[in-house]
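Engineer: What follows is upload00.cif, mmCIF, C-alpha atoms.
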```
data_upload
loop_
_atom_site.label_atom_id
_atom_site.label_comp_id
_atom_site.auth_asym_id
_atom_site.auth_seq_id
_atom_site.Cartn_x
_atom_site.Cartn_y
_atom_site.Cartn_z
CA MET F 1 -91.00 -90.79 357.44
CA SER F 2 -93.27 -88.52 355.50
CA ASN F 3 -90.45 -86.04 354.98
CA ALA F 4 -88.03 -88.63 353.69
CA PHE F 5 -90.78 -89.92 351.48
CA ARG F 6 -91.30 -86.48 349.98
CA ALA F 7 -87.56 -85.91 349.53
CA ARG F 8 -87.34 -89.12 347.51
CA ARG F 9 -90.35 -88.28 345.42
CA LEU F 10 -89.37 -84.75 344.51
CA PRO F 11 -86.71 -85.53 341.86
CA VAL F 12 -89.01 -88.19 340.42
CA ILE F 13 -91.87 -85.73 340.05
CA LEU F 14 -89.62 -83.03 338.59
CA THR F 15 -88.12 -85.33 335.96
CA ILE F 16 -91.55 -86.67 335.03
CA VAL F 17 -92.81 -83.10 334.59
CA ALA F 18 -89.77 -82.33 332.42
CA ALA F 19 -90.47 -85.45 330.33
CA MET F 20 -94.09 -84.37 329.98
CA MET F 21 -92.93 -80.99 328.69
CA LEU F 22 -90.67 -82.67 326.14
CA ALA F 23 -93.68 -84.72 325.10
CA ILE F 24 -95.76 -81.65 324.22
CA VAL F 25 -93.09 -79.32 322.85
CA PRO F 26 -93.82 -78.56 319.19
CA LEU F 27 -91.55 -80.31 316.67
CA PRO F 28 -91.22 -79.74 312.93
CA GLY F 29 -93.53 -82.00 310.93
CA TRP F 30 -90.85 -84.41 309.67
CA ALA F 31 -89.53 -85.07 313.19
CA GLU F 32 -92.95 -85.73 314.68
CA PRO F 33 -93.08 -89.51 313.95
CA PHE F 34 -89.69 -89.90 315.64
CA ARG F 35 -90.42 -88.07 318.90
CA PRO F 36 -89.14 -90.40 321.63
CA ASP F 37 -91.54 -91.45 324.38
CA TRP F 38 -89.80 -89.35 327.02
CA VAL F 39 -92.34 -90.08 329.71
CA ALA F 40 -92.07 -93.85 329.19
CA ILE F 41 -88.26 -93.72 329.27
CA THR F 42 -88.16 -91.65 332.48
CA LEU F 43 -90.70 -93.96 334.00
CA ILE F 44 -88.67 -97.08 333.17
CA TYR F 45 -85.65 -95.49 334.84
CA TRP F 46 -87.48 -94.71 338.09
CA CYS F 47 -89.22 -98.09 338.20
CA LEU F 48 -85.80 -99.66 337.85
CA HIS F 49 -84.06 -97.67 340.56
CA MET F 50 -86.83 -96.74 342.98
CA PRO F 51 -89.43 -99.50 342.64
CA ARG F 52 -90.45 -98.89 346.22
CA TYR F 53 -91.53 -95.31 345.60
CA PHE F 54 -92.50 -95.45 341.99
CA GLY F 55 -94.54 -98.28 340.58
CA VAL F 56 -97.71 -99.30 338.83
CA GLY F 57 -100.00 -96.82 340.59
CA SER F 58 -97.80 -93.77 339.98
CA ALA F 59 -97.32 -94.85 336.37
CA TRP F 60 -101.07 -95.05 335.98
CA LEU F 61 -101.58 -91.52 337.32
CA VAL F 62 -98.86 -90.17 335.04
CA GLY F 63 -100.57 -91.98 332.17
CA ILE F 64 -103.91 -90.28 332.85
CA VAL F 65 -102.25 -86.86 332.78
CA LEU F 66 -100.44 -87.81 329.56
CA ASP F 67 -103.77 -88.89 328.06
CA VAL F 68 -105.18 -85.43 328.70
CA ALA F 69 -102.02 -83.71 327.45
CA GLN F 70 -102.06 -85.66 324.19
CA GLY F 71 -105.81 -85.73 323.72
CA THR F 72 -106.09 -89.52 323.56
CA LEU F 73 -108.76 -91.69 325.15
CA LEU F 74 -108.56 -91.51 328.94
CA GLY F 75 -106.86 -94.68 330.12
CA GLN F 76 -104.89 -95.41 326.97
CA HIS F 77 -101.46 -94.18 328.03
CA ALA F 78 -102.39 -95.07 331.62
CA LEU F 79 -102.80 -98.72 330.66
CA ALA F 80 -99.65 -98.80 328.52
CA LEU F 81 -97.51 -97.08 331.16
CA SER F 82 -98.76 -99.20 334.05
CA LEU F 83 -98.01 -102.32 332.01
CA ILE F 84 -94.38 -101.38 331.38
CA ALA F 85 -94.07 -100.19 335.01
CA PHE F 86 -95.32 -103.62 336.11
CA LEU F 87 -92.80 -105.42 333.91
CA THR F 88 -89.92 -103.20 334.98
CA VAL F 89 -90.67 -103.42 338.70
CA LYS F 90 -91.19 -107.17 338.51
CA PHE F 91 -87.81 -107.77 336.91
CA HIS F 92 -85.92 -104.81 338.38
CA LEU F 93 -83.41 -106.97 340.25
CA GLN F 94 -82.34 -108.75 337.06
CA LEU F 95 -82.44 -105.60 334.95
CA ARG F 96 -80.29 -103.56 337.34
CA VAL F 97 -77.23 -105.74 336.74
CA PHE F 98 -77.58 -105.67 332.96
CA PRO F 99 -74.79 -103.96 331.00
CA LEU F 100 -75.86 -100.94 328.98
CA SER F 101 -76.24 -102.76 325.65
CA GLN F 102 -78.48 -105.44 327.17
CA MET F 103 -80.47 -102.81 329.02
CA ALA F 104 -80.97 -100.89 325.77
CA ALA F 105 -82.34 -104.06 324.20
CA THR F 106 -84.73 -104.40 327.15
CA VAL F 107 -85.83 -100.79 326.72
CA LEU F 108 -86.46 -101.54 323.05
CA ALA F 109 -88.71 -104.42 324.05
CA LEU F 110 -90.53 -102.36 326.71
CA LEU F 111 -91.13 -99.45 324.34
CA ALA F 112 -92.38 -101.89 321.70
CA VAL F 113 -94.84 -103.30 324.26
CA TYR F 114 -95.87 -99.73 325.15
CA ARG F 115 -96.46 -98.82 321.52
CA PHE F 116 -98.26 -102.07 320.88
CA VAL F 117 -100.76 -101.34 323.66
CA LEU F 118 -101.42 -97.86 322.20
CA PHE F 119 -101.78 -99.42 318.75
CA TRP F 120 -104.11 -102.09 320.02
CA ILE F 121 -106.38 -99.66 321.88
CA ASN F 122 -106.51 -97.35 318.86
CA GLY F 123 -107.44 -100.35 316.75
CA VAL F 124 -110.26 -101.40 319.06
CA ALA F 125 -111.54 -97.81 319.37
CA GLY F 126 -111.42 -97.44 315.58
CA VAL F 127 -108.84 -94.67 315.44
CA GLY F 128 -107.11 -95.07 312.07
CA ALA F 129 -103.43 -94.23 311.74
CA PRO F 130 -100.47 -94.80 309.45
CA LEU F 131 -98.62 -97.83 310.81
CA VAL F 132 -95.14 -96.32 310.50
CA ALA F 133 -96.00 -93.62 313.01
CA TYR F 134 -96.08 -96.18 315.82
CA TRP F 135 -92.61 -97.61 315.55
CA GLY F 136 -90.38 -94.57 314.96
CA PRO F 137 -90.45 -93.58 318.65
CA VAL F 138 -89.41 -97.10 319.70
CA LEU F 139 -86.21 -96.74 317.70
CA THR F 140 -85.35 -93.20 318.78
CA GLY F 141 -86.29 -93.98 322.37
CA THR F 142 -83.87 -96.92 322.46
CA LEU F 143 -81.07 -94.88 320.90
CA LEU F 144 -81.64 -92.14 323.48
CA TRP F 145 -81.77 -94.51 326.46
CA PRO F 146 -78.01 -94.20 327.25
CA VAL F 147 -78.33 -90.40 327.19
CA ALA F 148 -81.42 -90.41 329.41
CA ASP F 149 -79.76 -92.93 331.74
CA PHE F 150 -76.67 -90.73 332.01
CA ILE F 151 -78.66 -87.57 332.72
CA LEU F 152 -80.96 -89.22 335.26
CA ARG F 153 -77.98 -90.75 337.07
CA THR F 154 -76.63 -87.27 337.81
CA ILE F 155 -79.74 -86.55 339.85
CA PRO F 156 -78.88 -87.16 343.50
CA ARG F 157 -81.08 -89.65 345.25
CA ARG F 158 -80.78 -91.24 348.64
CA ARG F 159 -80.37 -94.98 348.53
CA ARG F 160 -81.99 -97.28 350.99
CA PRO F 161 -79.31 -98.58 353.37
CA SER F 162 -80.13 -102.24 352.68
CA GLY F 163 -80.20 -101.74 348.88
CA MET A 1 -98.41 -114.33 343.66
CA ALA A 2 -95.28 -115.90 342.29
CA ALA A 3 -93.54 -112.54 342.28
CA GLY A 4 -93.07 -112.77 346.06
CA SER A 5 -90.51 -115.54 345.92
CA ASP A 6 -87.94 -113.34 344.15
CA SER A 7 -86.95 -111.24 347.12
CA GLN A 8 -88.10 -111.65 350.68
CA SER A 9 -86.76 -108.23 351.66
CA TYR A 10 -88.99 -106.62 349.12
CA ALA A 11 -92.16 -106.37 351.13
CA ARG A 12 -94.49 -104.85 348.55
CA THR A 13 -93.70 -107.18 345.68
CA PRO A 14 -96.35 -109.79 346.45
CA ALA A 15 -99.08 -107.26 345.77
CA LEU A 16 -97.49 -106.11 342.53
CA GLY A 17 -99.39 -108.44 340.22
CA LEU A 18 -102.61 -107.74 342.02
CA ARG A 19 -102.09 -103.99 341.85
CA PHE A 20 -101.39 -104.22 338.14
CA VAL A 21 -104.61 -106.14 337.60
CA VAL A 22 -106.56 -103.48 339.52
CA PHE A 23 -105.11 -100.65 337.43
CA PHE A 24 -105.55 -102.68 334.25
CA VAL A 25 -109.25 -103.11 334.94
CA LEU A 26 -109.56 -99.44 335.95
CA SER A 27 -107.96 -98.39 332.64
CA ILE A 28 -110.28 -100.59 330.62
CA VAL A 29 -113.34 -99.17 332.42
CA LEU A 30 -112.12 -95.61 331.84
CA LEU A 31 -111.44 -96.38 328.18
CA ILE A 32 -114.91 -97.79 327.62
CA VAL A 33 -116.65 -94.93 329.44
CA ASP A 34 -114.57 -92.31 327.66
CA HIS A 35 -115.07 -93.90 324.27
CA GLN A 36 -118.83 -94.12 324.55
CA GLN A 37 -119.95 -91.09 326.48
CA ASN A 38 -118.81 -87.67 327.53
CA HIS A 39 -119.12 -88.26 331.27
CA LEU A 40 -115.41 -87.74 331.80
CA ASP A 41 -115.24 -84.30 330.18
CA ALA A 42 -115.18 -82.56 333.56
CA LEU A 43 -112.19 -84.64 334.68
CA ARG A 44 -110.44 -84.04 331.38
CA ARG A 45 -111.11 -80.31 331.66
CA ALA A 46 -109.80 -80.17 335.23
CA ILE A 47 -106.53 -81.94 334.36
CA GLY A 48 -106.27 -79.87 331.18
CA THR A 49 -106.52 -76.65 333.17
CA ALA A 50 -103.91 -77.96 335.62
CA LEU A 51 -101.62 -78.62 332.64
CA HIS A 52 -101.96 -75.02 331.46
CA PRO A 53 -98.83 -73.70 333.25
CA LEU A 54 -96.82 -76.53 331.70
CA ARG A 55 -97.94 -75.49 328.25
CA VAL A 56 -97.10 -71.86 329.01
CA VAL A 57 -93.58 -72.87 330.06
CA VAL A 58 -93.11 -74.98 326.94
CA ASP A 59 -94.36 -72.13 324.81
CA ALA A 60 -92.23 -69.46 326.55
CA PRO A 61 -88.90 -70.03 324.74
CA ILE A 62 -90.65 -70.06 321.37
CA SER A 63 -92.55 -66.86 322.15
CA ALA A 64 -89.37 -65.31 323.52
CA TRP A 65 -87.48 -66.18 320.35
CA GLN A 66 -90.23 -64.68 318.22
CA TRP A 67 -90.17 -61.52 320.31
CA PHE A 68 -86.37 -61.36 320.06
CA ASP A 69 -86.55 -61.92 316.33
CA GLU A 70 -89.13 -59.18 315.92
CA THR A 71 -87.34 -56.61 318.06
CA THR A 72 -83.97 -57.11 316.44
CA THR A 73 -85.03 -57.10 312.80
CA ASN A 74 -82.98 -54.48 311.01
CA PHE A 75 -84.37 -51.40 309.37
CA ASN A 76 -83.95 -52.60 305.79
CA ASP A 77 -85.81 -55.81 306.41
CA LEU A 78 -88.60 -53.91 308.09
CA GLN A 79 -88.87 -51.54 305.18
CA LEU A 80 -88.91 -54.40 302.70
CA GLU A 81 -91.59 -56.18 304.67
CA ASN A 82 -93.54 -52.96 304.99
CA ASN A 83 -93.46 -52.47 301.22
CA ARG A 84 -94.52 -56.01 300.63
CA LEU A 85 -97.39 -55.70 303.10
CA LYS A 86 -98.53 -52.44 301.51
CA ALA A 87 -98.63 -54.09 298.11
CA GLU A 88 -100.50 -57.04 299.57
CA ARG A 89 -102.98 -54.73 301.27
CA LEU A 90 -103.67 -52.91 298.03
CA LEU A 91 -104.35 -56.20 296.33
CA THR A 92 -106.58 -57.43 299.13
CA ASN A 93 -108.50 -54.16 299.18
CA ALA A 94 -109.12 -54.36 295.47
CA ARG A 95 -110.41 -57.88 295.93
CA LEU A 96 -112.55 -56.79 298.88
CA GLN A 97 -114.22 -54.08 296.81
CA ARG A 98 -115.37 -56.66 294.36
CA TYR A 99 -116.42 -58.87 297.26
CA ALA A 100 -118.44 -56.06 298.84
CA ALA A 101 -120.30 -55.50 295.59
CA LEU A 102 -120.95 -59.21 295.27
CA GLU A 103 -122.15 -59.44 298.84
CA ALA A 104 -124.59 -56.59 298.30
CA GLU A 105 -125.84 -58.23 295.13
CA ASN A 106 -126.17 -61.55 296.89
CA ALA A 107 -128.15 -60.00 299.73
CA ARG A 108 -130.45 -58.30 297.22
CA LEU A 109 -131.03 -61.50 295.29
CA ARG A 110 -131.62 -63.46 298.48
CA ALA A 111 -134.08 -60.82 299.64
CA MET A 112 -135.92 -61.21 296.35
CA LEU A 113 -136.03 -64.96 296.84
CA GLU A 114 -137.08 -64.43 300.45
CA ALA A 115 -134.36 -66.80 301.54
CA THR A 116 -132.76 -66.59 304.95
CA SER A 117 -129.96 -64.10 305.18
CA ARG A 118 -126.39 -65.29 305.32
CA VAL A 119 -124.67 -65.40 308.66
CA ARG A 120 -122.27 -62.67 309.65
CA ASP A 121 -119.30 -64.08 311.43
CA ARG A 122 -117.32 -62.66 314.31
CA VAL A 123 -113.69 -63.75 314.44
CA ARG A 124 -111.01 -63.56 317.04
CA VAL A 125 -107.32 -64.38 316.77
CA ALA A 126 -105.81 -67.08 318.98
CA GLN A 127 -102.27 -68.43 319.30
CA ILE A 128 -101.36 -72.07 318.93
CA MET A 129 -99.65 -73.14 322.14
CA SER A 130 -98.74 -76.66 321.28
CA VAL A 131 -99.22 -79.27 318.63
CA ASN A 132 -100.11 -82.65 320.00
CA ALA A 133 -97.42 -85.23 319.72
CA ASN A 134 -99.52 -88.11 318.54
CA PRO A 135 -99.01 -88.52 314.80
CA PHE A 136 -102.32 -90.37 314.68
CA ARG A 137 -104.08 -87.53 316.41
CA HIS A 138 -103.69 -84.21 314.62
CA SER A 139 -104.70 -81.73 317.24
CA ILE A 140 -103.55 -78.38 318.54
CA VAL A 141 -103.93 -76.45 321.77
CA ILE A 142 -104.83 -72.78 321.51
CA ASP A 143 -104.59 -70.08 324.15
CA LYS A 144 -108.28 -69.18 324.32
CA GLY A 145 -110.66 -71.13 326.52
CA SER A 146 -114.21 -71.12 327.82
CA ARG A 147 -113.37 -67.86 329.63
CA ASP A 148 -113.12 -66.23 326.20
CA GLY A 149 -116.35 -67.78 324.99
CA VAL A 150 -114.84 -70.69 323.08
CA TYR A 151 -117.26 -73.61 322.76
CA ASP A 152 -117.05 -77.23 321.61
CA GLY A 153 -117.48 -77.63 317.87
CA GLN A 154 -116.38 -74.09 317.07
CA ALA A 155 -114.63 -73.60 313.73
CA ILE A 156 -110.91 -72.72 313.64
CA LEU A 157 -109.54 -70.99 310.53
CA ASP A 158 -106.27 -69.59 309.34
CA ALA A 159 -105.79 -66.88 306.71
CA ASN A 160 -106.27 -69.33 303.83
CA GLY A 161 -108.99 -71.69 304.95
CA VAL A 162 -110.45 -74.04 307.50
CA LEU A 163 -107.98 -75.51 309.98
CA GLY A 164 -110.19 -77.59 312.25
CA GLN A 165 -112.66 -77.42 315.08
CA VAL A 166 -112.64 -77.14 318.86
CA ILE A 167 -113.14 -80.50 320.60
CA GLY A 168 -112.44 -79.65 324.21
CA THR A 169 -112.38 -76.45 326.18
CA GLY A 170 -110.49 -75.66 329.36
CA ALA A 171 -110.75 -72.41 331.24
CA PHE A 172 -107.67 -70.85 329.65
CA SER A 173 -106.94 -73.03 326.65
CA SER A 174 -108.78 -75.39 324.38
CA GLU A 175 -108.00 -78.30 322.13
CA GLY A 176 -108.74 -78.30 318.43
CA LEU A 177 -108.90 -81.22 316.01
CA LEU A 178 -107.31 -80.51 312.62
CA ILE A 179 -109.16 -81.40 309.43
CA SER A 180 -106.30 -83.74 308.54
CA ASP A 181 -106.96 -85.99 311.56
CA PRO A 182 -108.00 -89.46 310.42
CA ASP A 183 -111.10 -89.13 312.60
CA HIS A 184 -112.23 -85.83 311.17
CA ALA A 185 -114.84 -85.49 308.43
CA LEU A 186 -116.18 -82.22 307.12
CA PRO A 187 -119.18 -81.54 304.87
CA VAL A 188 -117.97 -79.57 301.84
CA GLU A 189 -119.24 -78.50 298.47
CA VAL A 190 -117.48 -77.89 295.19
CA ASN A 191 -117.41 -74.16 294.64
CA ARG A 192 -117.87 -74.48 290.87
CA ASN A 193 -121.13 -76.43 290.85
CA GLY A 194 -122.36 -76.88 294.40
CA LEU A 195 -121.72 -80.66 294.43
CA ARG A 196 -121.90 -81.76 298.06
CA THR A 197 -119.68 -84.36 299.65
CA ILE A 198 -117.58 -85.18 302.70
CA ALA A 199 -113.86 -84.44 303.08
CA ARG A 200 -112.11 -86.85 305.40
CA GLY A 201 -108.71 -86.47 307.06
CA THR A 202 -106.01 -88.99 306.20
CA GLY A 203 -103.40 -88.49 308.89
CA GLU A 204 -101.21 -86.58 306.45
CA PHE A 205 -101.02 -82.81 306.71
CA ASP A 206 -101.20 -82.21 302.98
CA ARG A 207 -103.99 -84.53 301.89
CA LEU A 208 -107.73 -84.97 302.42
CA ASP A 209 -109.83 -87.78 300.96
CA LEU A 210 -113.21 -87.42 299.31
CA PRO A 211 -114.36 -91.02 299.61
CA PHE A 212 -118.01 -90.78 298.65
CA LEU A 213 -117.98 -89.41 295.11
CA PRO A 214 -119.34 -91.70 292.38
CA ASN A 215 -117.29 -92.23 289.23
CA ASN A 216 -119.51 -89.96 287.19
CA ALA A 217 -119.41 -87.03 289.64
CA ASP A 218 -118.63 -83.68 288.10
CA ILE A 219 -115.33 -82.97 289.78
CA LYS A 220 -111.91 -82.24 288.36
CA GLU A 221 -108.42 -81.21 289.41
CA GLY A 222 -108.21 -77.62 290.62
CA ASP A 223 -111.78 -77.49 291.91
CA ILE A 224 -112.06 -75.47 295.10
CA LEU A 225 -113.90 -77.10 298.00
CA VAL A 226 -115.66 -74.81 300.47
CA THR A 227 -117.54 -75.59 303.68
CA SER A 228 -121.18 -76.25 302.96
CA GLY A 229 -122.37 -75.43 306.46
CA LEU A 230 -124.58 -78.51 306.38
CA GLY A 231 -122.89 -80.20 309.33
CA GLY A 232 -124.16 -77.42 311.53
CA SER A 233 -120.90 -76.63 313.26
CA PHE A 234 -119.01 -74.89 310.48
CA PRO A 235 -120.09 -71.62 308.92
CA ALA A 236 -120.68 -71.99 305.19
CA GLY A 237 -118.44 -70.66 302.44
CA TYR A 238 -114.92 -70.91 303.83
CA PRO A 239 -112.33 -72.55 301.57
CA VAL A 240 -111.20 -76.00 302.71
CA ALA A 241 -109.07 -77.59 300.02
CA VAL A 242 -108.21 -77.74 296.34
CA VAL A 243 -108.77 -80.99 294.47
CA GLU A 244 -105.42 -82.45 293.57
CA SER A 245 -106.15 -85.72 291.85
CA VAL A 246 -109.20 -87.54 290.54
CA GLN A 247 -108.96 -91.22 289.65
CA ARG A 248 -112.05 -92.81 288.20
CA LEU A 249 -111.89 -96.56 288.71
CA PRO A 250 -114.42 -98.38 286.54
CA ALA A 251 -114.32 -101.42 288.82
CA GLU A 252 -115.08 -99.48 292.00
CA PRO A 253 -118.31 -97.77 293.00
CA PHE A 254 -116.52 -94.59 294.06
CA ALA A 255 -113.84 -92.46 292.47
CA GLU A 256 -110.60 -91.87 294.32
CA VAL A 257 -110.37 -88.15 294.91
CA SER A 258 -107.79 -86.41 297.03
CA ALA A 259 -107.42 -82.73 297.83
CA ARG A 260 -104.79 -80.46 299.34
CA PRO A 261 -105.94 -78.37 302.32
CA SER A 262 -105.85 -74.60 301.71
CA ALA A 263 -104.83 -73.84 305.28
CA ALA A 264 -101.19 -74.37 306.22
CA LEU A 265 -102.00 -77.06 308.77
CA ASN A 266 -98.54 -77.53 310.19
CA GLN A 267 -97.07 -74.07 309.75
CA VAL A 268 -99.26 -71.43 311.32
CA ARG A 269 -98.98 -69.97 314.81
CA GLU A 270 -101.99 -67.66 314.70
CA VAL A 271 -105.44 -69.02 314.05
CA MET A 272 -108.89 -67.46 313.95
CA LEU A 273 -111.88 -68.60 315.95
CA VAL A 274 -115.27 -68.01 314.37
CA TRP A 275 -118.48 -67.21 316.16
CA SER A 276 -121.43 -67.48 313.83
CA ILE A 277 -124.10 -65.07 314.89
CA ALA A 278 -127.19 -67.21 314.95
CA GLU A 279 -129.47 -67.07 311.96
CA GLU A 280 -133.16 -67.72 312.00
CA PRO A 281 -134.40 -71.27 312.44
CA GLY A 282 -135.29 -73.18 309.32
CA SER A 283 -132.00 -72.37 307.67
CA GLU A 284 -129.65 -74.47 305.56
CA ALA A 285 -128.89 -76.93 308.33
CA GLU A 286 -132.24 -78.55 307.85
CA ASN A 287 -131.98 -79.14 304.15
CA GLU A 288 -130.10 -82.37 304.51
#
```
Let me see whether you can do it: turn the structure in this file into C-alpha cells.
Structural biologist:
Amino acid sequence: MSNAFRARRLPVILTIVAAMMLAIVPLPGWAEPFRPDWVAITLIYWCLHMPRYFGVGSAWLVGIVLDVAQGTLLGQHALALSLIAFLTVKFHLQLRVFPLSQMAATVLALLAVYRFVLFWINGVAGVGAPLVAYWGPVLTGTLLWPVADFILRTIPRRRRPSG
Amino acid sequence: MAAGSDSQSYARTPALGLRFVVFFVLSIVLLIVDHQQNHLDALRRAIGTALHPLRVVVDAPISAWQWFDETTTNFNDLQLENNRLKAERLLTNARLQRYAALEAENARLRAMLEATSRVRDRVRVAQIMSVNANPFRHSIVIDKGSRDGVYDGQAILDANGVLGQVIGTGAFSSEGLLISDPDHALPVEVNRNGLRTIARGTGEFDRLDLPFLPNNADIKEGDILVTSGLGGSFPAGYPVAVVESVQRLPAEPFAEVSARPSAALNQVREVMLVWSIAEEPGSEAENE
C-alpha cells in the first residue's frame, strides 16, 4: 500500500517542484506581470485527476513553501491554493467531463478566485500594489492551460481500477 | 456535509469541507502571527534553506550561459572591452584622487569640530540568484547567507547606488527588499542642501516617491538624493535617486515629488553587501 502510494505521489511531487522552479525563474521586467501561476495550474490538474492523493492538505503545504519562495506572508498562498484545491476536488466529477474550452473557462474562474484571495489578503495586511499586476497572470494562465494539460497528460499515472 | 451525497464510492469526500475549514483557519492564524510578530522566522528560514537547491538549479542555466558567453567572446571584442575598461579606470582613478583629498579634508575638519568620525565600510560582492515573482513584492535572493555574516537590515548596493536591504537570512542565501517595493521607505537627504526626507517605493522599478515634502521645500529636478543614515540601518552618503519631477500643488499640503533610482534595480546580477564598522555611540542616529 505504502509503495503504491509513493509511486502515485512521485510524479505529482516532481511536477509541483518543476512548477515551483518556473515560479521563481527570473523573467525580464516587462514579462513579470504576466507570469502564469504555474503552481496553481499544476495543482488544479492534480486535484482534478488524483483527488484521492492530492487535495486540500497537500495544496496547503505547497502554498506554505510557495509563500517562503516568494517572500509573501506565511499562509497567503497556502490559503489561496487550498481554496482552489477545495473547489476543484469538490466538483472534480463534473469538471472531468468538461470539453477543453469549458475547462479553460473554469480555470479562468479558479485563477481569478486565487488572485482575488491574494489581493484580499494584501489589502487587509496593507501591502499596496498596482491593480493591473494581479490580473495578468489569470489571463496567461488560462491561455496556457491547454498546454499544461497536454504536458501533464503525458506523465504516466496508474489509474484506480474503479475510476 | 452535503459533499458526501455526490459519490458514495468516494470515501474521503465527506470530510472535504471540514478539512478545508481546518486549513482555512490554520492559514488565517499563520497570517495573523506572521503579520504581527517575527515568531515564524525560524520556520521561514528552515524552508528557505531547503529551497536553496531549487534556486541553484534555476540559476544554473543562466550562470552556464554567462560562462559560455564569457569563454567564447572573440579576441576583438575582448580588446575593445579592455580598452573601454582602461579608459573607465583612468576616469575613476582621477575622480578617486579628488575624493581622497576631499576625504582627508573632511576628516581634518571633523577632527577640528570634534565630531564623530565617519564610518568606514567593508563591502563584499554577492550574486543575485532570483528575482521574486510577485510584482507587488520587489525582492531578490542573493547567494550569501548568515554563514557569510549577512544580517537582517543590511544595506545592498550596486555600482551606482542603493539597491535595497536584507530582510531575511538563510544559511546559504538571503532575501533582500528593493527600494522600489511599495512597502519600503528610506531616509534620504538632498545632497545639495542637506534637506531630509523619506523616499518611498512605488512598485515601479524606475520611480520613487517623496511624499512628505511641503510645497515650499527647496528641491528641484536633478537634485541628487543620498542616504542620510538616520534610519540606522543604512550607511550614510550613498546615492539613492535623482529627482525627476517636482509638482507644487497649491491646494495640497505636500508637493508631489518623484525620483529615479540611481541603481539599475532590474538589470544587475552582481550586488554589494555593506558592513558598516561600528562607530562610537552618540552618533548621527540619535539626532532625529
Engineer: Please compute the CA of Leu177 (chain A)-CA of Lys220 (chain A) distance, one decimal, in Å.
Structural biologist: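 Interatomic distance here is 27.8 Å.
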Engineer: Enumerate, as a list in words, the residues matched when the PyMOL selection byres ((chain F and resi 103) around 12) is run on the file above.
Structural biologist: Ile41, Ile44, Tyr45, Leu48, Thr88, Phe91, His92, Gln94, Leu95, Arg96, Val97, Phe98, Pro99, Leu100, Ser101, Gln102, Ala104, Ala105, Thr106, Val107, Leu108, Ala109, Leu110, Thr142, Leu143, Trp145, Pro146 and Asp149 of chain F
Engineer: Write the residues you've just listed into a file as a CSV table (one decimal), keeping the file's coordinate frame, and include C-alpha atoms for each of them.
Structural biologist:
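Done, and the output landed in result-v7.csv:
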```csv
chain,number,residue,atom,x,y,z
F,41,ILE,CA,-88.3,-93.7,329.3
F,44,ILE,CA,-88.7,-97.1,333.2
F,45,TYR,CA,-85.6,-95.5,334.8
F,48,LEU,CA,-85.8,-99.7,337.8
F,88,THR,CA,-89.9,-103.2,335.0
F,91,PHE,CA,-87.8,-107.8,336.9
F,92,HIS,CA,-85.9,-104.8,338.4
F,94,GLN,CA,-82.3,-108.8,337.1
F,95,LEU,CA,-82.4,-105.6,335.0
F,96,ARG,CA,-80.3,-103.6,337.3
F,97,VAL,CA,-77.2,-105.7,336.7
F,98,PHE,CA,-77.6,-105.7,333.0
F,99,PRO,CA,-74.8,-104.0,331.0
F,100,LEU,CA,-75.9,-100.9,329.0
F,101,SER,CA,-76.2,-102.8,325.6
F,102,GLN,CA,-78.5,-105.4,327.2
F,104,ALA,CA,-81.0,-100.9,325.8
F,105,ALA,CA,-82.3,-104.1,324.2
F,106,THR,CA,-84.7,-104.4,327.2
F,107,VAL,CA,-85.8,-100.8,326.7
F,108,LEU,CA,-86.5,-101.5,323.0
F,109,ALA,CA,-88.7,-104.4,324.0
F,110,LEU,CA,-90.5,-102.4,326.7
F,142,THR,CA,-83.9,-96.9,322.5
F,143,LEU,CA,-81.1,-94.9,320.9
F,145,TRP,CA,-81.8,-94.5,326.5
F,146,PRO,CA,-78.0,-94.2,327.2
F,149,ASP,CA,-79.8,-92.9,331.7
```
Engineer: Do a neighbour search on Thr49 (chain A) at 7 Å with all atoms listed in the file, toss out local chain neighbours closer than 6 positions, and write the hits as a PyMOL selection string.
Structural biologist: chain A and resi 170-172
Engineer: Please provide as a list of chain:residue names all residues within 7 Å of Pro239 (chain A), with the sequence filter that same-chain residues fewer than 2 positions apart are discarded (counting all atoms listed in the file).
Structural biologist: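 With the cut-off at 7 Å, the set is A:Gly161, A:Val162, A:Leu225, A:Val226, A:Thr227, A:Gly237, A:Ala241, A:Ser262.
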Engineer: Could you write out as number ranges by chain the residues that the PyMOL selection byres ((chain F and resi 78) around 10) matches in the shown file?
Structural biologist: F: 56-67, 73-77, 79-83, 118; A: 23-24, 26-28, 30-31
Engineer: Kindly indicate which residue among F:Val138, F:Met20, F:Leu27, F:Val89 lies nearest to Val68 (chain F), using only C-alpha atoms for the distances.
Structural biologist: F:Met20
Engineer: Report, in Å to a single decimal, how far apart CA of Leu208 (chain A) and CA of Leu139 (chain F) are.
Structural biologist: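 Calculated distance between CA of Leu139 (chain F) and CA of Leu208 (chain A) is 28.9 Å.
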Engineer: Just give me the gap between CA of Leu213 (chain A) and CA of Val188 (chain A) in Å, one decimal is fine.
Structural biologist: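 Computed distance, CA of Leu213 (chain A) to CA of Val188 (chain A), equals 11.9 Å.
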Engineer: Counting only C-alpha atoms, figure out which residue out of F:Ala40, F:Met21, F:Phe34, F:Tyr53 gets nearest to Ala69 (chain F).
Structural biologist: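 Ranking F:Ala40, F:Met21, F:Phe34, F:Tyr53 by distance to Ala69 (chain F), first place goes to F:Met21.
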Engineer: Using all atoms listed in the file, which of the listed residues (F:Thr42, F:Leu87, F:Pro26, F:Ala148) sits closest to chain A?
Structural biologist: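 For chain A, the nearest of the given residues is F:Pro26.
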